[in-house]
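Visitor: Contents of final19.txt (compact mmCIF, C-alpha atoms and all ligand atoms) are given next:
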# COMPACT_ATOMS: atom_id res chain seq x y z
CA MET A 8 96.24 -12.16 14.21
CA ASP A 9 93.24 -9.86 13.89
CA THR A 10 90.97 -11.07 11.10
CA ASP A 11 87.94 -9.14 10.04
CA LEU A 12 85.59 -11.93 9.00
CA GLY A 13 82.61 -10.03 7.77
CA PRO A 14 80.53 -9.32 5.98
CA THR A 15 80.59 -12.82 4.53
CA GLY A 16 77.16 -12.84 2.93
CA THR A 17 76.15 -15.90 4.90
CA GLU A 18 73.24 -15.80 7.28
CA THR A 19 74.04 -17.11 10.70
CA LEU A 20 71.01 -16.07 12.68
CA CYS A 21 69.11 -18.54 14.80
CA ASP A 22 65.90 -20.04 13.48
CA VAL A 23 63.65 -18.06 15.80
CA CYS A 24 65.31 -14.80 14.66
CA THR A 25 64.98 -15.58 10.95
CA THR A 26 61.42 -16.82 11.40
CA GLU A 27 60.49 -13.50 12.94
CA LEU A 28 62.29 -11.48 10.24
CA ASP A 29 60.69 -13.58 7.49
CA ARG A 30 57.30 -12.74 8.92
CA PHE A 31 57.86 -9.06 8.06
CA SER A 32 58.66 -9.78 4.43
CA LYS A 33 55.79 -12.27 4.06
CA ALA A 34 53.37 -9.70 5.44
CA GLY A 35 54.77 -7.25 2.91
CA ALA A 36 55.37 -4.92 5.83
CA LEU A 37 59.00 -4.34 4.90
CA ALA A 38 60.98 -4.83 1.74
CA ASP A 39 63.61 -7.59 1.70
CA ARG A 40 66.19 -4.93 0.88
CA GLU A 41 65.47 -3.16 4.15
CA LEU A 42 65.39 -6.35 6.14
CA SER A 43 68.73 -7.47 4.72
CA LEU A 44 70.23 -4.79 6.92
CA LEU A 45 69.24 -6.85 9.91
CA ARG A 46 70.17 -10.24 8.53
CA GLN A 47 73.90 -9.70 8.88
CA PRO A 48 76.14 -7.90 11.35
CA LYS A 49 77.85 -4.66 10.48
CA ARG A 50 81.25 -5.79 11.77
CA ARG A 51 82.66 -9.13 12.86
CA ILE A 52 86.05 -9.29 14.52
CA ASN A 53 87.77 -12.52 15.44
CA VAL A 54 91.10 -12.79 17.22
CA ASN A 55 92.95 -15.90 18.35
CA ILE A 56 94.44 -14.67 21.63
CA PRO A 57 97.71 -16.18 22.89
CA VAL A 58 98.04 -16.26 26.69
CA ARG A 59 101.02 -17.25 28.84
CA MET A 60 99.80 -19.96 31.23
CA ASP A 61 101.11 -20.47 34.78
CA ASP A 62 103.25 -23.44 33.70
CA GLY A 63 105.08 -21.25 31.15
CA SER A 64 103.31 -22.67 28.06
CA ILE A 65 101.31 -20.54 25.64
CA GLU A 66 97.67 -21.37 24.96
CA VAL A 67 95.58 -19.83 22.19
CA PHE A 68 91.93 -18.84 22.82
CA PRO A 69 89.56 -18.04 19.93
CA SER A 70 87.64 -14.83 20.63
CA PHE A 71 84.98 -12.68 18.99
CA ARG A 72 83.35 -9.28 19.03
CA ILE A 73 80.36 -8.73 16.77
CA GLN A 74 79.05 -5.18 16.36
CA TYR A 75 75.70 -5.95 14.84
CA ASN A 76 73.92 -2.66 14.32
CA SER A 77 74.85 0.88 15.38
CA ALA A 78 71.98 2.90 13.91
CA ARG A 79 70.45 3.71 17.30
CA GLY A 80 73.75 4.48 19.08
CA PRO A 81 77.05 2.98 20.21
CA THR A 82 76.92 -0.80 20.13
CA LYS A 83 76.31 -2.51 23.48
CA GLY A 84 76.46 -6.04 24.79
CA GLY A 85 78.23 -8.46 27.07
CA ILE A 86 81.26 -10.71 26.71
CA ARG A 87 80.78 -14.38 27.56
CA TYR A 88 83.38 -16.97 28.49
CA HIS A 89 82.30 -20.47 27.52
CA PRO A 90 83.92 -23.51 25.86
CA SER A 91 81.25 -23.60 23.12
CA VAL A 92 81.38 -19.90 22.14
CA ASN A 93 81.57 -19.53 18.35
CA ALA A 94 81.04 -16.84 15.70
CA ASP A 95 77.48 -17.93 14.82
CA GLU A 96 76.35 -17.90 18.42
CA VAL A 97 77.87 -14.47 19.04
CA ASP A 98 76.23 -13.17 15.82
CA GLU A 99 72.85 -14.26 17.05
CA LEU A 100 73.35 -12.79 20.51
CA ALA A 101 74.55 -9.50 19.02
CA PHE A 102 71.43 -9.40 16.83
CA LEU A 103 69.27 -9.94 19.92
CA MET A 104 71.13 -7.10 21.70
CA SER A 105 70.31 -4.74 18.81
CA LEU A 106 66.62 -5.53 19.24
CA LYS A 107 66.75 -5.57 23.04
CA CYS A 108 68.11 -2.03 23.23
CA ALA A 109 65.26 -0.88 20.98
CA VAL A 110 62.61 -2.71 23.05
CA ALA A 111 64.10 -1.24 26.25
CA ASN A 112 64.12 2.15 24.55
CA ILE A 113 67.75 2.95 25.34
CA PRO A 114 70.00 4.76 22.84
CA PHE A 115 72.33 1.90 21.93
CA GLY A 116 72.90 -0.47 19.06
CA GLY A 117 73.74 -4.12 19.66
CA ALA A 118 76.95 -6.12 20.03
CA LYS A 119 78.24 -9.25 21.73
CA GLY A 120 81.63 -10.70 22.51
CA GLY A 121 82.96 -14.01 23.61
CA ILE A 122 86.01 -16.09 24.36
CA GLN A 123 86.07 -19.84 23.77
CA VAL A 124 87.29 -20.91 27.18
CA ASP A 125 86.23 -22.81 30.25
CA PRO A 126 87.04 -20.19 32.92
CA GLY A 127 86.81 -22.83 35.64
CA GLU A 128 89.99 -24.39 34.25
CA LEU A 129 92.03 -21.17 34.57
CA SER A 130 93.86 -19.81 37.59
CA GLU A 131 93.03 -16.28 38.73
CA GLY A 132 96.22 -15.00 37.09
CA GLU A 133 95.47 -16.75 33.78
CA LEU A 134 91.95 -15.37 33.79
CA GLU A 135 93.25 -11.85 34.36
CA ARG A 136 95.88 -12.17 31.59
CA LEU A 137 93.25 -13.50 29.17
CA SER A 138 90.78 -10.70 30.02
CA ARG A 139 93.42 -8.01 29.64
CA ALA A 140 94.63 -9.58 26.38
CA TYR A 141 91.08 -9.39 25.01
CA VAL A 142 91.04 -5.62 25.55
CA LYS A 143 94.55 -5.27 24.10
CA GLU A 144 93.37 -6.94 20.90
CA TYR A 145 90.01 -5.16 20.58
CA HIS A 146 90.61 -1.72 22.16
CA GLU A 147 90.62 0.19 18.88
CA ASN A 148 87.04 -0.92 18.30
CA LEU A 149 85.83 -0.17 21.84
CA GLY A 150 84.96 3.12 23.56
CA PRO A 151 82.09 4.87 25.37
CA ASN A 152 80.83 6.27 22.07
CA THR A 153 81.77 3.25 19.95
CA ASP A 154 81.16 -0.13 21.54
CA ILE A 155 80.60 -0.78 25.25
CA PRO A 156 81.00 -4.32 26.64
CA ALA A 157 79.47 -5.71 29.84
CA PRO A 158 79.23 -9.01 31.73
CA ASP A 159 77.47 -12.04 30.28
CA VAL A 160 77.65 -15.80 30.92
CA ASN A 161 80.66 -16.52 33.23
CA THR A 162 81.94 -12.93 33.35
CA ASP A 163 81.52 -10.56 36.28
CA SER A 164 82.41 -7.19 37.81
CA ARG A 165 85.97 -8.31 38.63
CA ILE A 166 86.63 -9.07 34.95
CA MET A 167 85.05 -5.72 33.94
CA ALA A 168 87.46 -4.00 36.38
CA TRP A 169 90.49 -5.61 34.73
CA MET A 170 89.13 -4.66 31.33
CA ARG A 171 88.54 -1.01 32.25
CA ASP A 172 92.03 -0.83 33.74
CA GLU A 173 93.62 -2.38 30.65
CA TYR A 174 91.79 0.00 28.33
CA GLU A 175 92.98 2.97 30.38
CA SER A 176 96.59 1.72 30.51
CA ILE A 177 96.56 1.61 26.71
CA THR A 178 94.83 4.96 26.13
CA GLY A 179 96.26 6.83 29.13
CA ARG A 180 92.85 8.29 29.98
CA GLN A 181 90.28 7.60 32.67
CA THR A 182 87.32 6.23 30.69
CA PRO A 183 84.77 4.62 33.02
CA GLY A 184 82.09 4.58 30.31
CA VAL A 185 84.05 2.13 28.14
CA ILE A 186 82.54 -0.84 29.97
CA THR A 187 79.57 -1.46 32.27
CA GLY A 188 78.94 -3.92 35.08
CA LYS A 189 82.00 -2.65 36.94
CA PRO A 190 82.41 -2.77 40.74
CA VAL A 191 80.73 0.25 42.37
CA GLU A 192 84.13 1.55 43.57
CA LEU A 193 85.26 1.66 39.96
CA GLY A 194 82.31 3.56 38.51
CA GLY A 195 79.81 0.72 38.52
CA SER A 196 76.15 1.42 39.20
CA GLU A 197 74.35 0.50 42.37
CA GLY A 198 71.93 -2.32 41.56
CA ARG A 199 73.59 -3.40 38.29
CA GLU A 200 74.48 -6.82 39.63
CA TYR A 201 70.88 -7.91 40.11
CA ALA A 202 69.27 -5.62 37.53
CA THR A 203 68.49 -8.36 34.99
CA SER A 204 66.63 -10.28 37.68
CA LEU A 205 64.81 -7.23 39.05
CA GLY A 206 63.76 -6.40 35.49
CA GLY A 207 62.38 -9.93 35.03
CA ALA A 208 60.40 -9.63 38.26
CA VAL A 209 58.98 -6.24 37.20
CA ILE A 210 57.89 -7.66 33.83
CA LEU A 211 56.33 -10.75 35.42
CA ASP A 212 54.43 -8.60 37.96
CA ARG A 213 53.04 -6.52 35.12
CA PHE A 214 51.97 -9.61 33.20
CA VAL A 215 50.43 -11.32 36.22
CA ASP A 216 48.42 -8.19 37.10
CA ASP A 217 47.39 -7.85 33.48
CA VAL A 218 45.89 -11.32 33.18
CA GLY A 219 44.37 -11.32 36.68
CA MET A 220 46.62 -13.93 38.29
CA THR A 221 47.55 -13.64 42.01
CA ARG A 222 51.23 -13.73 42.99
CA GLU A 223 50.60 -15.88 46.07
CA LYS A 224 48.88 -18.50 43.94
CA THR A 225 51.52 -18.48 41.18
CA THR A 226 54.02 -21.34 41.17
CA VAL A 227 57.38 -20.78 39.47
CA ALA A 228 60.21 -23.05 38.23
CA ILE A 229 63.57 -21.50 37.34
CA GLN A 230 66.17 -23.28 35.20
CA GLY A 231 69.58 -21.76 35.93
CA PHE A 232 70.72 -20.61 39.37
CA GLY A 233 73.60 -18.37 38.32
CA ASN A 234 73.60 -14.60 38.79
CA VAL A 235 70.29 -14.10 36.97
CA GLY A 236 68.34 -17.13 38.26
CA SER A 237 69.39 -16.86 41.89
CA HIS A 238 68.58 -13.15 42.28
CA LEU A 239 65.33 -13.65 40.40
CA ALA A 240 64.27 -16.46 42.74
CA ARG A 241 64.90 -14.12 45.66
CA PHE A 242 62.95 -11.21 44.12
CA LEU A 243 59.99 -13.41 43.21
CA HIS A 244 59.95 -15.07 46.63
CA ASP A 245 60.00 -11.63 48.33
CA ARG A 246 57.10 -10.51 46.14
CA GLY A 247 54.97 -13.45 47.24
CA TYR A 248 55.40 -15.91 44.34
CA ASP A 249 55.73 -19.58 45.16
CA VAL A 250 59.12 -20.70 43.81
CA VAL A 251 58.88 -24.51 43.73
CA ALA A 252 61.92 -25.55 41.65
CA VAL A 253 65.38 -24.26 40.73
CA SER A 254 68.28 -25.97 38.98
CA ASN A 255 71.82 -25.44 37.76
CA VAL A 256 74.17 -27.49 35.54
CA ASP A 257 74.59 -30.12 38.26
CA GLY A 258 70.90 -30.62 39.00
CA GLY A 259 68.13 -28.99 40.96
CA ALA A 260 65.87 -28.81 43.97
CA TYR A 261 62.08 -29.22 43.93
CA ASP A 262 59.42 -28.87 46.57
CA SER A 263 55.78 -28.69 45.53
CA ASN A 264 55.07 -26.78 48.76
CA GLY A 265 57.59 -24.07 47.89
CA LEU A 266 61.36 -23.86 48.42
CA ASP A 267 63.15 -21.96 51.16
CA VAL A 268 64.61 -19.54 48.65
CA THR A 269 66.59 -17.49 51.17
CA ALA A 270 68.46 -20.58 52.39
CA LEU A 271 69.00 -21.78 48.81
CA PHE A 272 70.41 -18.41 47.81
CA GLU A 273 72.86 -18.51 50.70
CA THR A 274 73.78 -22.12 49.86
CA SER A 275 74.65 -21.20 46.30
CA GLU A 276 76.43 -17.96 47.31
CA GLY A 277 78.54 -20.10 49.61
CA GLY A 278 79.46 -22.31 46.64
CA ASP A 279 77.54 -25.38 47.86
CA ASP A 280 75.44 -27.63 45.61
CA ILE A 281 71.81 -26.58 45.54
CA PHE A 282 70.50 -30.07 44.75
CA GLU A 283 71.86 -31.27 48.08
CA PHE A 284 69.81 -28.61 49.76
CA GLY A 285 67.29 -30.94 51.31
CA ALA A 286 64.24 -30.73 49.05
CA GLU A 287 63.57 -33.36 46.40
CA GLU A 288 66.28 -33.59 43.69
CA ILE A 289 65.24 -32.86 40.14
CA SER A 290 67.08 -32.90 36.81
CA ASN A 291 67.33 -29.89 34.54
CA ALA A 292 65.24 -31.65 31.91
CA ALA A 293 62.50 -32.63 34.38
CA LEU A 294 62.31 -29.07 35.73
CA LEU A 295 61.30 -27.79 32.29
CA THR A 296 58.25 -30.05 32.14
CA LEU A 297 56.92 -29.42 35.68
CA ASP A 298 53.26 -28.52 36.04
CA VAL A 299 53.83 -24.94 37.23
CA ASP A 300 52.23 -21.61 36.36
CA VAL A 301 55.45 -19.89 35.23
CA LEU A 302 58.48 -21.57 33.66
CA ILE A 303 61.63 -19.46 33.60
CA PRO A 304 64.57 -20.64 31.49
CA ALA A 305 67.44 -18.55 32.91
CA ALA A 306 70.48 -20.50 31.73
CA ILE A 307 71.51 -20.74 28.07
CA GLU A 308 70.10 -21.05 24.53
CA ASN A 309 67.94 -23.82 23.03
CA GLN A 310 66.34 -25.35 26.10
CA ILE A 311 62.72 -25.54 24.92
CA THR A 312 62.95 -27.46 21.67
CA GLU A 313 60.96 -29.84 19.49
CA ASN A 314 62.16 -32.64 21.78
CA ASN A 315 60.36 -31.39 24.88
CA MET A 316 57.82 -28.80 23.62
CA THR A 317 54.81 -31.12 23.88
CA ASP A 318 55.77 -31.90 27.49
CA ILE A 319 55.79 -28.27 28.60
CA ARG A 320 52.98 -27.84 31.13
CA ALA A 321 53.53 -24.27 32.31
CA ASP A 322 50.92 -21.59 31.58
CA VAL A 323 53.50 -18.89 30.84
CA VAL A 324 57.18 -18.89 29.83
CA LEU A 325 59.41 -15.98 30.89
CA GLU A 326 62.66 -16.07 28.89
CA MET A 327 65.43 -14.82 31.16
CA ALA A 328 68.17 -16.56 29.13
CA ASN A 329 68.93 -15.32 25.64
CA GLY A 330 67.33 -17.51 22.96
CA PRO A 331 66.08 -20.41 25.13
CA THR A 332 63.17 -21.33 22.80
CA THR A 333 63.64 -22.68 19.26
CA ALA A 334 61.36 -21.55 16.42
CA ARG A 335 59.49 -24.88 16.25
CA ALA A 336 58.86 -24.84 19.99
CA ASP A 337 57.87 -21.18 19.85
CA THR A 338 55.23 -21.88 17.19
CA HIS A 339 54.01 -24.92 19.09
CA LEU A 340 53.59 -22.92 22.32
CA ALA A 341 51.78 -20.16 20.41
CA GLU A 342 49.36 -22.76 18.99
CA ARG A 343 48.68 -23.97 22.51
CA GLU A 344 48.17 -20.32 23.54
CA ILE A 345 50.96 -20.46 26.10
CA PRO A 346 52.35 -16.91 26.22
CA VAL A 347 56.13 -16.62 25.91
CA ILE A 348 57.50 -13.32 27.23
CA PRO A 349 60.56 -13.01 24.98
CA ASP A 350 64.16 -12.54 26.11
CA ILE A 351 64.45 -9.12 24.49
CA LEU A 352 61.86 -7.81 26.92
CA ALA A 353 62.14 -10.18 29.91
CA ASN A 354 65.89 -9.86 30.44
CA ALA A 355 66.31 -6.25 29.29
CA GLY A 356 66.84 -5.07 32.89
CA GLY A 357 70.57 -5.82 32.67
CA VAL A 358 71.31 -3.66 29.68
CA THR A 359 68.95 -0.96 30.97
CA ALA A 360 70.99 -0.72 34.20
CA SER A 361 74.12 -0.74 32.03
CA TYR A 362 72.72 2.29 30.26
CA PHE A 363 72.14 3.94 33.66
CA GLU A 364 75.76 3.13 34.57
CA TRP A 365 76.99 4.69 31.33
CA VAL A 366 74.86 7.81 31.95
CA GLN A 367 76.36 8.12 35.47
CA ASN A 368 79.87 7.65 34.05
CA THR A 369 79.35 10.28 31.39
CA THR A 370 77.70 12.86 33.64
CA ASN A 371 79.81 12.11 36.73
CA GLU A 372 76.67 12.22 38.80
CA TYR A 373 76.04 9.04 40.78
CA TRP A 374 72.65 7.71 41.87
CA THR A 375 71.53 5.87 44.99
CA GLU A 376 70.41 2.25 44.82
CA LYS A 377 66.85 3.43 45.47
CA THR A 378 66.99 5.78 42.48
CA VAL A 379 68.37 3.04 40.21
CA ARG A 380 65.64 0.62 41.28
CA GLU A 381 62.90 3.21 40.76
CA LYS A 382 64.20 4.24 37.35
CA LEU A 383 64.64 0.62 36.27
CA THR A 384 61.13 -0.28 37.38
CA ALA A 385 59.57 2.69 35.58
CA HIS A 386 61.61 2.08 32.44
CA LEU A 387 60.70 -1.60 32.14
CA ARG A 388 57.05 -1.03 32.93
CA GLY A 389 57.06 1.44 30.06
CA ALA A 390 58.70 -1.12 27.76
CA TYR A 391 56.09 -3.74 28.72
CA ASP A 392 53.21 -1.32 28.18
CA ASP A 393 54.53 -0.31 24.75
CA LEU A 394 54.58 -3.95 23.64
CA ARG A 395 51.17 -4.66 25.10
CA GLU A 396 49.79 -1.83 23.03
CA ILE A 397 51.25 -3.33 19.84
CA LYS A 398 50.17 -6.83 20.85
CA THR A 399 46.58 -5.87 21.52
CA ALA A 400 46.10 -3.51 18.56
CA PRO A 401 42.56 -4.26 17.31
CA GLU A 402 43.48 -5.38 13.82
CA MET A 403 45.76 -8.26 14.76
CA THR A 404 46.57 -11.00 17.22
CA ARG A 405 50.25 -11.21 17.89
CA THR A 406 52.48 -13.15 20.21
CA TRP A 407 54.64 -11.21 22.65
CA ARG A 408 57.67 -12.05 20.52
CA GLU A 409 56.00 -10.69 17.38
CA ALA A 410 55.10 -7.51 19.24
CA ALA A 411 58.67 -7.12 20.49
CA TYR A 412 60.18 -7.73 17.04
CA THR A 413 57.70 -5.32 15.48
CA ARG A 414 58.71 -2.55 17.84
CA ALA A 415 62.43 -3.25 17.61
CA VAL A 416 62.78 -3.88 13.88
CA GLU A 417 60.76 -0.79 13.03
CA SER A 418 62.80 1.33 15.42
CA VAL A 419 66.18 0.11 14.12
CA LEU A 420 65.16 0.52 10.49
CA ARG A 421 63.73 3.98 11.12
CA ALA A 422 67.04 5.00 12.70
CA GLU A 423 68.91 3.56 9.70
CA GLY A 424 66.52 5.43 7.42
CA TYR A 425 67.21 8.80 9.04
CA ARG A 426 70.94 8.21 8.69
CA SER A 427 70.83 7.29 5.02
CA ASN A 428 68.30 9.73 3.65
CA VAL A 429 69.80 10.34 0.22
CA GLU A 430 67.15 12.86 -0.78
CA GLY A 431 67.69 15.06 2.29
N1 LIG B 1 74.73 -9.56 28.91
C1 LIG B 1 73.54 -8.85 29.21
C2 LIG B 1 72.47 -9.11 28.15
O1 LIG B 1 72.53 -10.10 27.44
C3 LIG B 1 73.78 -7.38 29.46
C4 LIG B 1 74.42 -6.62 28.35
C5 LIG B 1 74.84 -5.21 28.73
O2 LIG B 1 74.63 -4.81 29.85
O3 LIG B 1 75.41 -4.54 27.86
O4 LIG B 1 71.52 -8.40 28.03
Transcribe the structure of this file into structure tokens.
Guide:
Amino acid sequence: MDTDLGPTGTETLCDVCTTELDRFSKAGALADRELSLLRQPKRRINVNIPVRMDDGSIEVFPSFRIQYNSARGPTKGGIRYHPSVNADEVDELAFLMSLKCAVANIPFGGAKGGIQVDPGELSEGELERLSRAYVKEYHENLGPNTDIPAPDVNTDSRIMAWMRDEYESITGRQTPGVITGKPVELGGSEGREYATSLGGAVILDRFVDDVGMTREKTTVAIQGFGNVGSHLARFLHDRGYDVVAVSNVDGGAYDSNGLDVTALFETSEGGDDIFEFGAEEISNAALLTLDVDVLIPAAIENQITENNMTDIRADVVLEMANGPTTARADTHLAEREIPVIPDILANAGGVTASYFEWVQNTTNEYWTEKTVREKLTAHLRGAYDDLREIKTAPEMTRTWREAAYTRAVESVLRAEGYRSNVEG
């Protein structure tokens, strides 16, 4: 059942990832031989998982875990549940995790996992059996010093709890550090649940201060009102930003005078449709082309593409989803001098808090919510400032994405270099 697919020799990275990597070889900054290390994952695992359904039948779910690069430390990254999950997508996301951990300056490599499933179609019992089966199949490749999963699209602290428990039933040892994003009662960190969003708000504050914008005069549209988008709307609203539009898969709400974010948050927490909230209804596609100061794609990949790039009217894009901008659109926005704060910086708050959780699990010393928030804020400000320094180095003009890739690729390859020093 367990097939090790890689390395296959085929490149599966997204166009924006390969465009950025190609830039290094074109500039002669790095040899192709070195870069080839980053063009393919270290280990791909693929298991078709059989699960007993409530009606007694057995259904098979394709699943993946890609451990992309482990030079900087144990591999780290979430597990997503989605009907369209496939090996290429997980490869790309695992690559991004490898870079994200370097940009965030935390001692991890990158990984990603996924199960091809629509979790909304499963009963609670089926979901638990599937989540436990995933750990049963992959446990030999997981561990606090090996590969540490976390939540991602459609997975949450409850699923992480089942996964920790399953891992410990198999190994017979308490191992809280095997997975992050757990409930606080089970070794989770205070603040982890909203950490990605808090991180995004910290980065946006830094940027806005940097370029002399005023929060109160900054309008924001957020695509995606799941865990990341909804908490981010709340943080930005509390900090004085004017959140004028939010949307989810079913549609969105828009009010040019600003939305009542607190009420919207409660509406969505209560499971009600946000587009019925009372403000003007707006489609997902229309939200992306609103004339706002900050556009925040916080849902899934490939949202700003060659089909809508010329219609984008925002002054800044903050990528809270992973890979929301295609290479063509990225180049187009750069030509129009619209800054794009890339995913590997903007949404690094989640994995940074995961690192804090892992530190707490390994030291057995637990921090208050205030401490987590302070550490997260300081850490991400540092990450932003590091990139700004690279971006504004006198000899070159770079985009934020180029700056982030420069920092991350150099860091990963330096770590690889230290490990494979044949002369030493
Ligand atoms: N899934 C999140 C991300 O894409 C968090 C990963 C983690 O905490 O390991 O960054």
Visitor: For Arg388 of chain A, find every residue with an atom within 10 Å (counting all atoms listed in the file), except residues of its own chain fewer than 4 positions away, and show them as a PDB file with C-alpha atoms, keeping the file's coordinate frame.
Guide:
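Printed below is out-v6.pdb as written:
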ATOM      1  CA  ALA A 111      64.100  -1.240  26.250  1.00  0.00           C
ATOM      2  CA  GLY A 206      63.760  -6.400  35.490  1.00  0.00           C
ATOM      3  CA  VAL A 209      58.980  -6.240  37.200  1.00  0.00           C
ATOM      4  CA  ILE A 210      57.890  -7.660  33.830  1.00  0.00           C
ATOM      5  CA  ASP A 212      54.430  -8.600  37.960  1.00  0.00           C
ATOM      6  CA  ARG A 213      53.040  -6.520  35.120  1.00  0.00           C
ATOM      7  CA  PHE A 214      51.970  -9.610  33.200  1.00  0.00           C
ATOM      8  CA  LYS A 382      64.200   4.240  37.350  1.00  0.00           C
ATOM      9  CA  LEU A 383      64.640   0.620  36.270  1.00  0.00           C
ATOM     10  CA  THR A 384      61.130  -0.280  37.380  1.00  0.00           C
ATOM     11  CA  ASP A 392      53.210  -1.320  28.180  1.00  0.00           C
ATOM     12  CA  ASP A 393      54.530  -0.310  24.750  1.00  0.00           C
TER      13      ASP A 393
END
Visitor: Tell me which of A:Ala334, A:Ala260, A:Ala400, A:Tyr362 sits closest to Leu28 of chain A, counting all atoms listed in the file.
Guide: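 Once distances to Leu28 of chain A are computed over all atoms listed in the file, the minimum belongs to A:Ala334.
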Visitor: Extract, using all atoms listed in the file, all DNA, RNA and protein residues at most 12 Å from Val185 of chain A, discarding same-chain residues fewer than 5 positions from it, and format them as a ChimeraX atom specification.
Guide: /A:81-84,142,146-157,167-168,170-175,178,180,193-195,361-362,364-366,368-369
Visitor: Got time to write the residues from that selection, C-alpha atoms, as an mmCIF file, in the coordinates of the input?
Guide:
data_model
loop_
_atom_site.group_PDB
_atom_site.id
_atom_site.type_symbol
_atom_site.label_atom_id
_atom_site.label_comp_id
_atom_site.auth_asym_id
_atom_site.auth_seq_id
_atom_site.Cartn_x
_atom_site.Cartn_y
_atom_site.Cartn_z
ATOM 1 C CA PRO A 81 77.050 2.980 20.210
ATOM 2 C CA THR A 82 76.920 -0.800 20.130
ATOM 3 C CA LYS A 83 76.310 -2.510 23.480
ATOM 4 C CA GLY A 84 76.460 -6.040 24.790
ATOM 5 C CA VAL A 142 91.040 -5.620 25.550
ATOM 6 C CA HIS A 146 90.610 -1.720 22.160
ATOM 7 C CA GLU A 147 90.620 0.190 18.880
ATOM 8 C CA ASN A 148 87.040 -0.920 18.300
ATOM 9 C CA LEU A 149 85.830 -0.170 21.840
ATOM 10 C CA GLY A 150 84.960 3.120 23.560
ATOM 11 C CA PRO A 151 82.090 4.870 25.370
ATOM 12 C CA ASN A 152 80.830 6.270 22.070
ATOM 13 C CA THR A 153 81.770 3.250 19.950
ATOM 14 C CA ASP A 154 81.160 -0.130 21.540
ATOM 15 C CA ILE A 155 80.600 -0.780 25.250
ATOM 16 C CA PRO A 156 81.000 -4.320 26.640
ATOM 17 C CA ALA A 157 79.470 -5.710 29.840
ATOM 18 C CA MET A 167 85.050 -5.720 33.940
ATOM 19 C CA ALA A 168 87.460 -4.000 36.380
ATOM 20 C CA MET A 170 89.130 -4.660 31.330
ATOM 21 C CA ARG A 171 88.540 -1.010 32.250
ATOM 22 C CA ASP A 172 92.030 -0.830 33.740
ATOM 23 C CA GLU A 173 93.620 -2.380 30.650
ATOM 24 C CA TYR A 174 91.790 0.000 28.330
ATOM 25 C CA GLU A 175 92.980 2.970 30.380
ATOM 26 C CA THR A 178 94.830 4.960 26.130
ATOM 27 C CA ARG A 180 92.850 8.290 29.980
ATOM 28 C CA LEU A 193 85.260 1.660 39.960
ATOM 29 C CA GLY A 194 82.310 3.560 38.510
ATOM 30 C CA GLY A 195 79.810 0.720 38.520
ATOM 31 C CA SER A 361 74.120 -0.740 32.030
ATOM 32 C CA TYR A 362 72.720 2.290 30.260
ATOM 33 C CA GLU A 364 75.760 3.130 34.570
ATOM 34 C CA TRP A 365 76.990 4.690 31.330
ATOM 35 C CA VAL A 366 74.860 7.810 31.950
ATOM 36 C CA ASN A 368 79.870 7.650 34.050
ATOM 37 C CA THR A 369 79.350 10.280 31.390
#
Visitor: Within 8 Å of Pro158 of chain A, counting all atoms listed in the file, which residues qualify if same-chain residues fewer than 4 places away don't, as a list in words?
Guide: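 The contact residues come out as Gly85, Ile86, Arg87, Thr162, Asp163, Ser164, Met167, Thr187 and Gly188 of chain A.
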Visitor: Name all residues at most 6 Å from Asn76 of chain A (count only C-alpha atoms; drop same-chain ones fewer than 5 positions away) and give them as a PyMOL selection string.
Guide: chain A and resi 49+116-117
Visitor: Taking all atoms listed in the file into account, which of A:Arg165, A:Lys119, A:Arg395, A:Lys143 comes nearest ligand LIG 1 (chain B)?
Guide: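 Among A:Arg165, A:Lys119, A:Arg395, A:Lys143, it is A:Lys119 that comes nearest to ligand LIG 1 (chain B).
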Visitor: Tell me which protein, DNA and RNA residues are within 9 Å of Phe71 of chain A, counting all atoms listed in the file, leaving out same-chain ones fewer than 5 positions away, and put them as a list in words.
Guide: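 Skipping anything fewer than 5 positions along the chain leaves Arg51, Ile52, Asn53, Val54, Asn55, Ile86, Val92, Asn93, Ala94, Val97, Lys119, Gly120, Gly121, Ile122 and Gln123 of chain A.
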Visitor: Output C-alpha atoms of each residue in that selection to a file, as a tab-separated table (two decimals), keeping the file's coordinate frame.
Guide:
chain	number	residue	atom	x	y	z
A	51	ARG	CA	82.66	-9.13	12.86
A	52	ILE	CA	86.05	-9.29	14.52
A	53	ASN	CA	87.77	-12.52	15.44
A	54	VAL	CA	91.10	-12.79	17.22
A	55	ASN	CA	92.95	-15.90	18.35
A	86	ILE	CA	81.26	-10.71	26.71
A	92	VAL	CA	81.38	-19.90	22.14
A	93	ASN	CA	81.57	-19.53	18.35
A	94	ALA	CA	81.04	-16.84	15.70
A	97	VAL	CA	77.87	-14.47	19.04
A	119	LYS	CA	78.24	-9.25	21.73
A	120	GLY	CA	81.63	-10.70	22.51
A	121	GLY	CA	82.96	-14.01	23.61
A	122	ILE	CA	86.01	-16.09	24.36
A	123	GLN	CA	86.07	-19.84	23.77
Visitor: What is the atom CA of Arg408 of chain A-atom CA of Leu42 of chain A distance in Å, reported with one decimal?
Guide: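 Between these atoms lies a distance of 17.3 Å.
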Visitor: Step by step, gather every atom of ligand LIG 1 (chain B) that the file lists, find the box along x, y and z that holds them, add 8 Å on each side, and finally give centre and edge lengths in Å to one decimal, as lines of an AutoDock Vina configuration file.
Guide:
center_x = 73.5
center_y = -7.3
center_z = 28.6
size_x = 19.9
size_y = 21.6
size_z = 18.4
Visitor: Counting only C-alpha atoms, which residue out of A:Ser418, A:Asn161, A:Thr274, A:Ser254 sits closest to Leu134 of chain A?
Guide: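 Answer, going by the shortest atom-to-atom distance: A:Asn161.
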